[in-house]
Amino acid sequence: MNEKMNAFSAIFINKGRNKIYVFILMISISIIGLIAWLMSRSLDEDQDAVNLARTQALLKLCDNALKTWIDENGRIPEESEGISVLELGKFPPRDAWGNALVYKRNNNSLLSYSFYSIGPNAIDENGDGDDVHAH
C-alpha cells in the first residue's frame, strides 16, 4: 500500500513540477516541428531545382540525338513521327514530373522544330509559361 501511495504522491502531489515538465515537453515538440517544417520547405525548393536540371539534361540529350538523326536522314521528323524515330530505350521519354516530352514541327520552315517539356504544371503552353527548354 505504501508503494501505491508513493506513486500517487509522485504524480498528484508534485503537480507544479509535472506541469513544468509537460510545458518543456510541449515547447520541445514545437521546436522539433518547426525545424522539420523548415527543412521540408528547403527540400521542396531543392527538389524543384533538381527536377528542372534533370529535365533540361534529358532535353539536351534528346535534342542532340534528334540533330544527329536529322544530319543522317537529311530532314526533320514529321510531327506524326515525333521523336519515336530516335529509337530511345524508354519511349516516350518523360520529364522529371512524369510528362512526355513535346515535339512539334514548325510549319513555316522545313528545318525548324520545337522540343520541350510541359513543366511542373503539366499544361502545354506551347513552349511558354513554365514549359522547360534545353537551354
# chains A, B, ... in the order shown; residues from 1 in each chain; ligands from 1

$ residues_around --residues "region 70-86 of chain A" --least-positions-apart "6" --cutoff "6 Å" --atoms "only C-alpha atoms" --output "number ranges by chain"
A: 103-105

$ residues_around --residues "Asp130 (chain A)" --least-positions-apart "5" --cutoff "10 Å" --atoms "only C-alpha atoms" --output "MDAnalysis selection string"
chainID A and resid 117:125

$ atom_distance --atom1 "CA of Arg54 (chain A)" --atom2 "CA of His133 (chain A)"
11.5 Å

$ closest_residue --among "A:Ser30, A:Thr68, A:Thr55, A:Tyr113" --to "Pro93 (chain A)" --atoms "only C-alpha atoms"
A:Thr55

$ select_by_dssp --residues "region 64-130 of chain A" --states "strand (DSSP E)" --output "number ranges by chain"
A: 102-105, 113-116
